[in-house]
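Engineer: Mind looking over this structure? Questions follow.
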Amino acid sequence: MRRLAAGRRWGSWARWTWSILCSTTCLGGEFQPDFESAPHAYFQREPRDRFQHTLARLAAAPAQLDRSGELAFVRSLLAALDVPESSQLLVFSNTSLQLGLINPSNPRALYFSDDVYVGWVPGGKIEVAAVDPDLGAVFYLMPIPGVGEAPKPERSRRCMNCHANEDTLHVPGLSIRSVAPASSGGSLDSFRAGLSGHAIPVSQRLGGWHVTGDGDGSTHLGNRMGRLQGGEVQWTPLEPGRRFPWGRYPVSTSDLLAHLLHEHQAGAVNRMARAQYLAREAGTSPSAEALARLDREARDLARYLLFADEAPLPGGLEKGDARFREDFLRARRVVEGRSLRDLDLRSRLLRHRCSYMVHTAQFDGLIPVVRDRVLAWMSKAVAPGRGPDGLDHLDDGEKSVIRGILSREVRGFRGL
C-alpha cells in the first residue's frame with residue numbers, strides 16, 4: 001500500500017501551486033464575474049453551441065437516435081454528436097451531480113470532442129457540456145427517452161455549483177476533480193483544487209478515475225482507493241473492470257492519452273471563457289487600465305496555448321488505445337504534412353507545441369480586443385530568434401512549423 005499525507009499543502013507543492021495560480025488568477029486581482037447579470041446574461045442568452053445545432057437536426061431525423069435501450073441510446077447520441085466512443089473516461093468517485101449513482105461498481109462515463117462533453121452514469125441521466133463561444137460551457141441534463149419519446153434536454157442551473165467556481169476560474173467551464181476516493185466513492189482528500197490544465201504534474205491527477213494504457217500505473221493517482229488511518233490516506237489498487245462489467249459501456253478503455261488530452265482541453269476552455277468574460281466586461285471603449293489587464297490576460301492565454309508550462313509526461317503512452325489515437329488524429333488539419341494534432345508522447349503531449357484548440361469556434365469567437373492580443377503574443381513567441389520572457393521555450397524549427405500552420409489556418413494571424 002502507498003501512503004500519502006492527507007491535507008498537505010506545503011513545501012515544493014505549495015510553491016508549485018502558487019506559481020500556477022499566479023499564471024491564471026493574479027492578473028490584476030482575481031476576476032469573478034456575475035455571469036448571470038448584464039453584460040453576460042448567461043441564462044438569458046440563447047446558446048449557439050454544437051449540441052443545440054445537433055438537436056435541431058435530430059428533430060428532423062429522429063430515427064438517428066436508438067431508443068431500444070440505455071446503452072444503445074448513448075451510442076447513437078455520441079454518433080450524432082460526432083463524439084468518439086473511444087474517448088471514454090471512467091470516474092468512480094461520486095464528484096458530480098448524479099453522485100448517488102456513482103461508485104466503484106457503477107462508474108460514470110465521460111466522452112468528449114473538442115467542443116462537446118457527454119457524461120453518463122448507467123441508470124441515470126445524460127449530462128452534456130457544450131462549449132459556446134460567448135457563454136463558455138453550457139450544461140444540459142436529459143433523461144434517457146423511451147421508445148417513441150423525443151429527447152428532452154434542459155439547461156441545468158445546479159451544474160453551476162461546481163462549474164463556475166475556482167476550479168473553472170470562476171466562469172462557466174469544465175471541472176476535473178482529483179480525489180482520494182473511499183470504497184463508497186466518497187472523497188477522503190482532494191488534490192489540485194482550483195487548477196486545471198496541462199501544467200499540473202501528472203502525479204497529482206486522476207484520483208478517483210480509472211486509467212488504462214498507462215504502463216505500470218505508478219505515475220498518477222488513478223486506479224486506487226483510499227482509507228484514512230492515523231490522519232493519512234492509505235492506498236489500495238482498484239483494477240479497471242474488477243467491480244463492474246466492461247460490457248455495460250460502449251468500449252473497454254479509459255485511456256491515459258484521452259485523460260491527458262481532456263485535461264489540456266479543459267484548461268483551454270476555461271481560459272478562453274475567462275478571457276471572453278473579461279473582454280465583455282471591459283466594454284466597447286475599454287479604459288487604459290482595462291486594456292492593460294486584457295493584454296496580460298492575452299499573454300497568459302497565449303502561454304497556455306503554446307504549452308509554456310507543460311508538466312513532463314510519464315512513460316508508457318505507447319501502450320495506449322490505438323482506436324482513440326486514430327479517432328483523435330482523424331480531425332487533423334494538415335499544412336505541408338504537419339498538423340497541430342500531431343502527437344509526441346515522449347516528454348510532452350504534442351509534437352508542435354501549439355494547441356489544436358485554436359481551430360475551435362470558441363477561439364475564433366473571442367472578442368477582437370482580446371483575440372487580437374492573443375494572436376499578437378503568439379506571433380511574437382513563434383517569430384525567429386529569442387521570444388518574449390515566459391514565451392521563449394520554443395526552438396526555431398518548432399516555431400517555423402507553428403508559424404506556417406497558424407498563418408494558413410487561423411484567421412487574423414500575422415507571423416512576424
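To be explicit about the labels: the chains of the C-alpha cells are called A, B, and onward in the order shown, and within each one the residues are counted from 1, while ligands get numbers from 1 in the order they are shown.
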Excluding same-chain residues fewer than 4 positions from A:Ile405, what lies within 12 Å of it counting only C-alpha atoms, as a PyMOL selection string?
Structural biologist: chain A and resi 332-341+352-356+358-359+379+382+398-401+409-411+413-415
Engineer: Could you save the residues just selected, with N, CA and C atoms, as an mmCIF file, in the first residue's frame?
Structural biologist:
data_model
loop_
_atom_site.group_PDB
_atom_site.id
_atom_site.type_symbol
_atom_site.label_atom_id
_atom_site.label_comp_id
_atom_site.auth_asym_id
_atom_site.auth_seq_id
_atom_site.Cartn_x
_atom_site.Cartn_y
_atom_site.Cartn_z
ATOM 1 N N ARG A 332 -7.226 15.915 -38.006
ATOM 2 C CA ARG A 332 -6.038 16.703 -38.352
ATOM 3 C C ARG A 332 -6.341 17.708 -39.459
ATOM 4 N N ARG A 333 -5.846 18.935 -39.282
ATOM 5 C CA ARG A 333 -5.851 19.944 -40.333
ATOM 6 C C ARG A 333 -4.399 20.110 -40.764
ATOM 7 N N VAL A 334 -4.096 19.674 -41.968
ATOM 8 C CA VAL A 334 -2.708 19.466 -42.381
ATOM 9 C C VAL A 334 -2.210 20.629 -43.241
ATOM 10 N N VAL A 335 -1.039 21.121 -42.910
ATOM 11 C CA VAL A 335 -0.330 22.118 -43.706
ATOM 12 C C VAL A 335 1.059 21.562 -43.987
ATOM 13 N N GLU A 336 1.343 21.286 -45.241
ATOM 14 C CA GLU A 336 2.633 20.732 -45.654
ATOM 15 C C GLU A 336 2.992 19.490 -44.839
ATOM 16 N N GLY A 337 1.998 18.626 -44.653
ATOM 17 C CA GLY A 337 2.222 17.355 -43.988
ATOM 18 C C GLY A 337 2.233 17.412 -42.473
ATOM 19 N N ARG A 338 2.006 18.569 -41.883
ATOM 20 C CA ARG A 338 2.066 18.719 -40.431
ATOM 21 C C ARG A 338 0.754 19.264 -39.899
ATOM 22 N N SER A 339 0.489 18.949 -38.634
ATOM 23 C CA SER A 339 -0.767 19.350 -38.012
ATOM 24 C C SER A 339 -0.531 19.662 -36.538
ATOM 25 N N LEU A 340 -1.364 20.528 -35.989
ATOM 26 C CA LEU A 340 -1.290 20.814 -34.554
ATOM 27 C C LEU A 340 -1.780 19.644 -33.717
ATOM 28 N N ARG A 341 -2.367 18.620 -34.339
ATOM 29 C CA ARG A 341 -2.790 17.425 -33.609
ATOM 30 C C ARG A 341 -1.720 16.327 -33.622
ATOM 31 N N HIS A 352 4.253 19.645 -32.061
ATOM 32 C CA HIS A 352 4.403 21.079 -32.314
ATOM 33 C C HIS A 352 3.605 21.792 -31.226
ATOM 34 N N ARG A 353 4.298 22.437 -30.306
ATOM 35 C CA ARG A 353 3.641 22.898 -29.081
ATOM 36 C C ARG A 353 2.792 24.152 -29.305
ATOM 37 N N CYS A 354 1.691 23.922 -29.967
ATOM 38 C CA CYS A 354 0.631 24.920 -30.111
ATOM 39 C C CYS A 354 -0.681 24.156 -30.100
ATOM 40 N N SER A 355 -1.625 24.592 -29.307
ATOM 41 C CA SER A 355 -2.847 23.817 -29.118
ATOM 42 C C SER A 355 -3.733 23.817 -30.357
ATOM 43 N N TYR A 356 -4.232 22.633 -30.690
ATOM 44 C CA TYR A 356 -5.233 22.495 -31.749
ATOM 45 C C TYR A 356 -6.540 23.189 -31.384
ATOM 46 N N VAL A 358 -6.963 26.188 -31.042
ATOM 47 C CA VAL A 358 -7.089 27.432 -31.813
ATOM 48 C C VAL A 358 -7.978 27.234 -33.029
ATOM 49 N N HIS A 359 -8.298 25.988 -33.376
ATOM 50 C CA HIS A 359 -9.178 25.707 -34.507
ATOM 51 C C HIS A 359 -10.655 25.665 -34.100
ATOM 52 N N SER A 379 2.307 35.441 -32.093
ATOM 53 C CA SER A 379 3.173 35.802 -33.200
ATOM 54 C C SER A 379 4.579 36.137 -32.711
ATOM 55 N N VAL A 382 6.478 32.875 -31.727
ATOM 56 C CA VAL A 382 6.931 31.952 -32.770
ATOM 57 C C VAL A 382 7.756 32.648 -33.840
ATOM 58 N N GLU A 398 10.653 24.371 -34.433
ATOM 59 C CA GLU A 398 9.266 24.233 -33.986
ATOM 60 C C GLU A 398 8.481 25.504 -34.287
ATOM 61 N N LYS A 399 9.112 26.642 -34.077
ATOM 62 C CA LYS A 399 8.447 27.915 -34.367
ATOM 63 C C LYS A 399 8.042 28.002 -35.837
ATOM 64 N N SER A 400 8.916 27.566 -36.715
ATOM 65 C CA SER A 400 8.637 27.663 -38.142
ATOM 66 C C SER A 400 7.414 26.834 -38.527
ATOM 67 N N VAL A 401 7.310 25.623 -37.967
ATOM 68 C CA VAL A 401 6.149 24.771 -38.249
ATOM 69 C C VAL A 401 4.871 25.425 -37.733
ATOM 70 N N GLU A 409 -4.118 28.627 -41.240
ATOM 71 C CA GLU A 409 -5.336 28.057 -40.689
ATOM 72 C C GLU A 409 -6.053 28.906 -39.644
ATOM 73 N N VAL A 410 -5.449 29.990 -39.171
ATOM 74 C CA VAL A 410 -6.069 30.796 -38.113
ATOM 75 C C VAL A 410 -6.300 32.211 -38.621
ATOM 76 N N ARG A 411 -7.545 32.575 -38.679
ATOM 77 C CA ARG A 411 -7.923 33.905 -39.163
ATOM 78 C C ARG A 411 -7.260 35.009 -38.331
ATOM 79 N N PHE A 413 -4.063 35.731 -37.970
ATOM 80 C CA PHE A 413 -2.688 35.562 -37.502
ATOM 81 C C PHE A 413 -1.724 36.151 -38.523
ATOM 82 N N ARG A 414 -0.781 36.948 -38.041
ATOM 83 C CA ARG A 414 0.232 37.543 -38.891
ATOM 84 C C ARG A 414 1.601 37.248 -38.282
ATOM 85 N N GLY A 415 2.306 36.323 -38.890
ATOM 86 C CA GLY A 415 3.621 35.973 -38.388
ATOM 87 C C GLY A 415 4.605 37.106 -38.583
#
Engineer: Would you list, as a compact mmCIF listing (two decimals) with N, CA and C atoms, in the first residue's frame, the residues of stretch 20-127 of chain A that end up in helix (DSSP H, G or I) under DSSP run on this structure's backbone?
Structural biologist:
# COMPACT_ATOMS: atom_id res chain seq x y z
N ILE A 20 1.34 28.33 -10.35
CA ILE A 20 0.28 28.08 -11.33
C ILE A 20 -0.89 29.02 -11.09
N LEU A 21 -1.24 29.23 -9.82
CA LEU A 21 -2.34 30.15 -9.52
C LEU A 21 -2.03 31.54 -10.01
N CYS A 22 -0.78 31.98 -9.86
CA CYS A 22 -0.42 33.32 -10.30
C CYS A 22 -0.57 33.47 -11.81
N SER A 23 -0.35 32.39 -12.55
CA SER A 23 -0.46 32.48 -14.01
C SER A 23 -1.89 32.50 -14.47
N THR A 24 -2.86 32.25 -13.58
CA THR A 24 -4.25 32.19 -14.02
C THR A 24 -5.18 33.13 -13.26
N THR A 25 -4.79 33.56 -12.06
CA THR A 25 -5.74 34.36 -11.29
C THR A 25 -5.15 35.63 -10.70
N ARG A 50 -22.76 23.46 -30.31
CA ARG A 50 -22.99 22.38 -31.28
C ARG A 50 -24.06 21.40 -30.81
N PHE A 51 -24.28 21.25 -29.53
CA PHE A 51 -25.35 20.38 -29.05
C PHE A 51 -26.70 20.93 -29.49
N GLN A 52 -26.89 22.24 -29.40
CA GLN A 52 -28.14 22.84 -29.86
C GLN A 52 -28.35 22.62 -31.35
N HIS A 53 -27.30 22.77 -32.13
CA HIS A 53 -27.41 22.55 -33.57
C HIS A 53 -27.77 21.10 -33.87
N THR A 54 -27.17 20.17 -33.13
CA THR A 54 -27.44 18.76 -33.35
C THR A 54 -28.89 18.42 -32.99
N LEU A 55 -29.40 18.98 -31.90
CA LEU A 55 -30.79 18.74 -31.51
C LEU A 55 -31.75 19.19 -32.61
N ALA A 56 -31.46 20.34 -33.21
CA ALA A 56 -32.32 20.83 -34.29
C ALA A 56 -32.29 19.87 -35.47
N ARG A 57 -31.12 19.33 -35.78
CA ARG A 57 -31.01 18.38 -36.88
C ARG A 57 -31.73 17.08 -36.56
N LEU A 58 -31.61 16.61 -35.31
CA LEU A 58 -32.24 15.36 -34.92
C LEU A 58 -33.76 15.47 -34.89
N ALA A 59 -34.27 16.68 -34.65
CA ALA A 59 -35.72 16.86 -34.65
C ALA A 59 -36.31 16.53 -36.02
N ALA A 60 -35.50 16.76 -37.06
CA ALA A 60 -35.97 16.46 -38.42
C ALA A 60 -35.68 15.02 -38.82
N PRO A 62 -35.46 11.99 -36.36
CA PRO A 62 -35.40 11.37 -35.03
C PRO A 62 -34.95 9.92 -35.04
N ALA A 63 -35.03 9.24 -36.18
CA ALA A 63 -34.65 7.83 -36.22
C ALA A 63 -33.16 7.62 -36.00
N GLN A 64 -32.35 8.70 -36.04
CA GLN A 64 -30.91 8.56 -35.79
C GLN A 64 -30.61 8.14 -34.36
N GLU A 70 -30.75 1.68 -22.95
CA GLU A 70 -29.92 2.77 -22.43
C GLU A 70 -28.58 2.87 -23.18
N LEU A 71 -27.87 1.76 -23.27
CA LEU A 71 -26.58 1.77 -23.94
C LEU A 71 -26.73 2.12 -25.42
N ALA A 72 -27.75 1.56 -26.06
CA ALA A 72 -27.98 1.85 -27.48
C ALA A 72 -28.22 3.34 -27.70
N PHE A 73 -28.97 3.98 -26.79
CA PHE A 73 -29.23 5.40 -26.94
C PHE A 73 -27.95 6.21 -26.78
N VAL A 74 -27.14 5.86 -25.78
CA VAL A 74 -25.89 6.58 -25.56
C VAL A 74 -25.01 6.50 -26.80
N ARG A 75 -24.88 5.32 -27.36
CA ARG A 75 -24.02 5.15 -28.53
C ARG A 75 -24.55 5.94 -29.73
N SER A 76 -25.86 5.94 -29.92
CA SER A 76 -26.41 6.67 -31.06
C SER A 76 -26.29 8.18 -30.85
N LEU A 77 -26.40 8.64 -29.60
CA LEU A 77 -26.24 10.07 -29.33
C LEU A 77 -24.79 10.49 -29.59
N LEU A 78 -23.84 9.70 -29.16
CA LEU A 78 -22.44 10.01 -29.42
C LEU A 78 -22.18 10.09 -30.92
N ALA A 79 -22.74 9.16 -31.67
CA ALA A 79 -22.56 9.17 -33.12
C ALA A 79 -23.16 10.43 -33.74
N ALA A 80 -24.34 10.82 -33.26
CA ALA A 80 -24.99 12.02 -33.80
C ALA A 80 -24.19 13.28 -33.49
N LEU A 81 -23.52 13.30 -32.35
CA LEU A 81 -22.72 14.45 -31.94
C LEU A 81 -21.30 14.39 -32.48
N GLU A 85 -16.65 7.17 -29.29
CA GLU A 85 -16.78 6.26 -28.15
C GLU A 85 -15.42 5.99 -27.51
N SER A 86 -14.37 5.98 -28.32
CA SER A 86 -13.04 5.66 -27.81
C SER A 86 -12.50 6.70 -26.86
N SER A 87 -13.13 7.87 -26.79
CA SER A 87 -12.70 8.90 -25.84
C SER A 87 -13.17 8.62 -24.43
N LEU A 99 -24.30 11.99 -8.00
CA LEU A 99 -23.37 11.29 -7.11
C LEU A 99 -23.98 10.06 -6.44
N GLY A 100 -25.30 10.03 -6.26
CA GLY A 100 -25.93 8.89 -5.61
C GLY A 100 -25.84 7.61 -6.41
N LEU A 101 -25.55 7.72 -7.72
CA LEU A 101 -25.47 6.54 -8.59
C LEU A 101 -24.03 6.09 -8.84
Engineer: What gap, in Å, lies between atom CA of A:Arg192 and atom CA of A:Asn106?
Structural biologist: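 Computing it gives 24.8 Å between the two atoms.
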Engineer: Of the residues A:Asp309, A:Asp321, A:Glu281, A:Asp344, which is the one nearest to A:Ser252, using only C-alpha atoms?
Structural biologist: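 Selected residue with least distance to A:Ser252: A:Asp321.
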Engineer: To one decimal in Å, tell me the separation between atom CA of A:Ser196 and atom CA of A:Asn270.
Structural biologist: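 Taking atom CA of A:Ser196 and atom CA of A:Asn270, their separation equals 8.2 Å.
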Engineer: Taking only C-alpha atoms into account, which of A:Trp246, A:Tyr111, A:Trp120, A:Trp235 comes nearest A:Leu141?
Structural biologist: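 Using only C-alpha atoms, the shortest distance to A:Leu141 belongs to A:Trp120.
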Engineer: Just give me the gap between atom CA of A:Asn103 and atom CA of A:Arg243 in Å, one decimal is fine.
Structural biologist: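 Separating atom CA of A:Asn103 from atom CA of A:Arg243 is a distance of 9.6 Å.
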Engineer: Hey, what's within 12 Å of A:Arg330 if we count only C-alpha atoms and toss same-chain stuff fewer than 6 positions away? As a PyMOL selection string, please?
Structural biologist: chain A and resi 82-84+113+323-324+339+341-342
Engineer: Restricting the output to C-alpha atoms, write the selected residues as a compact mmCIF listing (two decimals), in the first residue's frame.
Structural biologist:
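Output file part-v7.txt is given in full below:
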# COMPACT_ATOMS: atom_id res chain seq x y z
CA ASP A 82 -19.59 13.09 -33.67
CA VAL A 83 -18.08 12.33 -30.25
CA PRO A 84 -15.91 9.18 -30.41
CA SER A 113 -14.66 16.01 -28.71
CA ARG A 323 -8.55 3.30 -31.72
CA PHE A 324 -8.59 6.52 -29.70
CA SER A 339 -0.77 19.35 -38.01
CA ARG A 341 -2.79 17.42 -33.61
CA ASP A 342 0.45 15.57 -34.27
Engineer: Can you list, as a VMD selection string, every protein, DNA or RNA residue that comes within 8 Å of stretch 300-303 of chain A when you count only C-alpha atoms, leaving out same-chain residues fewer than 5 positions away?
Structural biologist: chain A and resid 23 to 24 268 271 to 272 275 308 to 309 374 to 375 377 to 378 390 to 391
Engineer: Please produce a file of the residues just selected, as a PDB file, in the first residue's frame, where the atoms kept are N, CA and C atoms.
Structural biologist:
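As a result, result-v1.pdb now contains:
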ATOM      1  N   SER A  23      -0.351  32.386 -12.551  1.00  0.00           N
ATOM      2  CA  SER A  23      -0.455  32.481 -14.009  1.00  0.00           C
ATOM      3  C   SER A  23      -1.894  32.504 -14.475  1.00  0.00           C
ATOM      4  N   THR A  24      -2.856  32.245 -13.577  1.00  0.00           N
ATOM      5  CA  THR A  24      -4.252  32.191 -14.019  1.00  0.00           C
ATOM      6  C   THR A  24      -5.178  33.129 -13.260  1.00  0.00           C
ATOM      7  N   ALA A 268      -7.829  24.853 -21.602  1.00  0.00           N
ATOM      8  CA  ALA A 268      -8.002  25.808 -22.692  1.00  0.00           C
ATOM      9  C   ALA A 268      -9.406  26.407 -22.690  1.00  0.00           C
ATOM     10  N   ARG A 271      -9.771  28.961 -19.799  1.00  0.00           N
ATOM     11  CA  ARG A 271      -9.011  30.196 -20.008  1.00  0.00           C
ATOM     12  C   ARG A 271      -9.606  31.040 -21.125  1.00  0.00           C
ATOM     13  N   MET A 272     -10.086  30.393 -22.189  1.00  0.00           N
ATOM     14  CA  MET A 272     -10.732  31.174 -23.251  1.00  0.00           C
ATOM     15  C   MET A 272     -12.046  31.783 -22.761  1.00  0.00           C
ATOM     16  N   ALA A 275     -11.185  34.814 -20.637  1.00  0.00           N
ATOM     17  CA  ALA A 275     -10.793  35.951 -21.467  1.00  0.00           C
ATOM     18  C   ALA A 275     -12.008  36.602 -22.119  1.00  0.00           C
ATOM     19  N   ALA A 308       3.698  26.601 -22.563  1.00  0.00           N
ATOM     20  CA  ALA A 308       4.901  27.128 -21.927  1.00  0.00           C
ATOM     21  C   ALA A 308       5.188  26.470 -20.581  1.00  0.00           C
ATOM     22  N   ASP A 309       4.170  26.002 -19.877  1.00  0.00           N
ATOM     23  CA  ASP A 309       4.356  25.418 -18.543  1.00  0.00           C
ATOM     24  C   ASP A 309       3.938  23.953 -18.487  1.00  0.00           C
ATOM     25  N   VAL A 374      -4.098  38.031 -28.148  1.00  0.00           N
ATOM     26  CA  VAL A 374      -3.586  36.669 -28.033  1.00  0.00           C
ATOM     27  C   VAL A 374      -2.755  36.325 -29.256  1.00  0.00           C
ATOM     28  N   LEU A 375      -3.267  36.628 -30.435  1.00  0.00           N
ATOM     29  CA  LEU A 375      -2.535  36.320 -31.662  1.00  0.00           C
ATOM     30  C   LEU A 375      -1.242  37.120 -31.748  1.00  0.00           C
ATOM     31  N   TRP A 377       0.670  38.050 -29.191  1.00  0.00           N
ATOM     32  CA  TRP A 377       1.627  37.390 -28.314  1.00  0.00           C
ATOM     33  C   TRP A 377       2.115  36.078 -28.930  1.00  0.00           C
ATOM     34  N   MET A 378       1.224  35.340 -29.547  1.00  0.00           N
ATOM     35  CA  MET A 378       1.632  34.092 -30.189  1.00  0.00           C
ATOM     36  C   MET A 378       2.579  34.370 -31.350  1.00  0.00           C
ATOM     37  N   GLY A 390       9.104  34.359 -20.768  1.00  0.00           N
ATOM     38  CA  GLY A 390       7.976  33.481 -20.489  1.00  0.00           C
ATOM     39  C   GLY A 390       7.403  32.820 -21.723  1.00  0.00           C
ATOM     40  N   LEU A 391       7.853  33.277 -22.898  1.00  0.00           N
ATOM     41  CA  LEU A 391       7.401  32.696 -24.167  1.00  0.00           C
ATOM     42  C   LEU A 391       8.609  32.363 -25.039  1.00  0.00           C
TER      43      LEU A 391
END
Engineer: Find the residue from A:Val121, A:Leu195, A:Leu329, A:Leu278 that sits nearest to A:Arg293; use only C-alpha atoms when measuring.
Structural biologist: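 When distances to A:Arg293 are compared using only C-alpha atoms, the smallest one comes from A:Leu278.
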Engineer: Which residue gives the smallest distance to A:Asp255 among A:Glu297, A:Glu310, A:Glu289, A:Glu318, with only C-alpha atoms counted?
Structural biologist: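 Closest to A:Asp255, using only C-alpha atoms: A:Glu318.
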Engineer: So which residues touch A:Thr284 within 12 Å, counting only C-alpha atoms, skipping near sequence neighbours fewer than 6 positions away, as a VMD selection string?
Structural biologist: chain A and resid 39 278 290 to 291 367 to 370
Engineer: Generate the output file for the selected residues, N, CA and C atoms, as a compact mmCIF listing (two decimals), in the first residue's frame.
Structural biologist:
# COMPACT_ATOMS: atom_id res chain seq x y z
N PRO A 39 -23.21 42.41 -18.34
CA PRO A 39 -23.46 42.20 -19.77
C PRO A 39 -23.43 40.74 -20.22
N LEU A 278 -13.91 38.61 -19.46
CA LEU A 278 -13.15 39.81 -19.10
C LEU A 278 -13.26 40.87 -20.19
N ALA A 290 -8.08 48.80 -18.26
CA ALA A 290 -8.72 47.57 -18.73
C ALA A 290 -7.94 46.96 -19.89
N LEU A 291 -7.43 47.80 -20.78
CA LEU A 291 -6.65 47.29 -21.90
C LEU A 291 -5.36 46.62 -21.42
N ILE A 367 -13.77 37.90 -28.45
CA ILE A 367 -13.97 39.31 -28.77
C ILE A 367 -12.65 39.88 -29.30
N PRO A 368 -12.68 40.62 -30.43
CA PRO A 368 -11.43 41.05 -31.08
C PRO A 368 -10.42 41.72 -30.17
N VAL A 369 -10.88 42.50 -29.18
CA VAL A 369 -9.94 43.22 -28.33
C VAL A 369 -9.02 42.28 -27.57
N VAL A 370 -9.48 41.04 -27.29
CA VAL A 370 -8.61 40.08 -26.64
C VAL A 370 -8.03 39.08 -27.64
Engineer: Considering only strand (DSSP E) as DSSP defines it on the backbone, what residues of stretch 32-248 of chain A qualify? List them as a ChimeraX atom specification.
Structural biologist: /A:89-91,108-112,116-120,126-132,136-142,154-155,178-181,187-191,224-229,232-237
Engineer: Got a sec: who's within 9 Å of A:Pro384, counting only C-alpha atoms, leaving out chain neighbours fewer than 4 positions off, as number ranges by chain?
Structural biologist: A: 380, 395-397, 399-400, 416
Engineer: Filtering to C-alpha atoms, could you give me those residues as a compact mmCIF listing (two decimals), in the first residue's frame?
Structural biologist:
# COMPACT_ATOMS: atom_id res chain seq x y z
CA LYS A 380 5.99 37.20 -31.06
CA ASP A 395 13.26 26.38 -30.83
CA ASP A 396 13.35 27.91 -34.32
CA GLY A 397 12.40 24.67 -36.08
CA LYS A 399 8.45 27.91 -34.37
CA SER A 400 8.64 27.66 -38.14
CA LEU A 416 6.50 38.35 -37.72
